[in-house]
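Since the structure comes first, as structure tokens, the remarks are kept for the end.
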Amino acid sequence: MALATRAQFFNLRTGIDTRRLYPTSRLVANITGQSIPRNKAIIGENAFAHESGIHQHGMLKHHSTYEIMRPEDVGMARSNLVLGKHSGRHAFRERVRELGFELDDIELNRVFEDFKELADKKKELFDGDIEALVLRAGSTAQGPWSLERLDIDAHGGEPSHARVVLRHTDGRSVERDALGDGPVDAAYKAVEKASGIAVTVRKFEVHAVTIGEDAQGEAIVYVDHSNRSYRGSSVSTNIVEAASRALLEVINRIELSQRGGQRPGTARTAEVVRAQTAV
């Protein structure tokens, strides 16, 4: 590749099709059972990967800023702007646009903060993680209750214990404990006690948003209250936390409906995000 990249300087031609380097190296690795190190020059997975914010910003301006050769020259599809805790706002905005979402500066800042928090928990972030963050920011009811703290104590063969601290927009902070058949059941009972709203859970589902052992999980809960049905959802790397926030979303909606109003902007934001997703 040195000869191919600096052909004019060396004044040499090899006749080698460099576009076959990457697929050939993968074939040899598969046959021999010897994996290629991620940091291997030219053909390693990280050879054309950029996570640092300043590197990604330079790459978005022009590829030659940090790459003297193109990934296509060695048979790779494209450069990979890896989104992680070192990524900058510019690269994050571009990835959100590639996924089909258009966010204003306020929404982008809010989602970017959630992204940085998630990046501290996960080794690797996927497009599904980004989509989940955007959709959660657009559809989650904002108050009046918010989950300030959740502690779970669970042991095999014994009832699980949950302690939650909820904060209300009127300034109240309510702490409650509860026992349950499992951590989710205990957390739900504690949230109901703290909020003062009891519901009947009809169905509870958990889906993996992305792949890997540290994947985010989406918790979906269907409940009944006062002859009406509600659905809540939340995403987190902690399933019990996701389940608790999903229930809290429903409880917030119930309390707002009891007041006869809804927090301004919440419904509109959700509709905007859903419309953008459908396009």
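Within each chain, counting starts at residue 1; across the structure tokens, chains are named A, B, ... in the order shown, with ligands numbered 1 upward in that order.
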(request) Write out as a ChimeraX atom specification each polymer residue whose atoms come within 10 Å of Gly180 of chain A, counting only C-alpha atoms; drop sequence neighbours fewer than 2 positions from it. (result) /A:154,158-162,178,182-190
(request) May I have the residues within 9 Å of Ser244 of chain A as a list of chain:residue names, using only C-alpha atoms and disregarding those fewer than 5 positions away in the same chain? (result)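 Skipping anything fewer than 5 positions along the chain leaves A:Leu147, A:Leu150, A:Val184, A:Ala187, A:Tyr188, A:Val191, A:Ala219, A:Ser234, A:Ile239, A:Glu249.
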(request) Between A:Leu125, A:Ile152, A:Ile130, A:Ala246, single out the one closest to Leu108 of chain A, counting only C-alpha atoms. (result)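 Smallest distance to Leu108 of chain A is found for A:Ile130.
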(message) One number please: atom CA of Ser87 of chain A to atom CA of Leu103 of chain A, in Å, one decimal.
(response)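 Taking atom CA of Ser87 of chain A and atom CA of Leu103 of chain A, their separation equals 18.1 Å.
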(message) Using only C-alpha atoms for the distances, tell me which of A:Tyr222, A:Phe112, A:Phe10, A:Tyr230 is nearest to Arg93 of chain A.
(response)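 Using only C-alpha atoms, Arg93 of chain A sits closest to A:Phe112.
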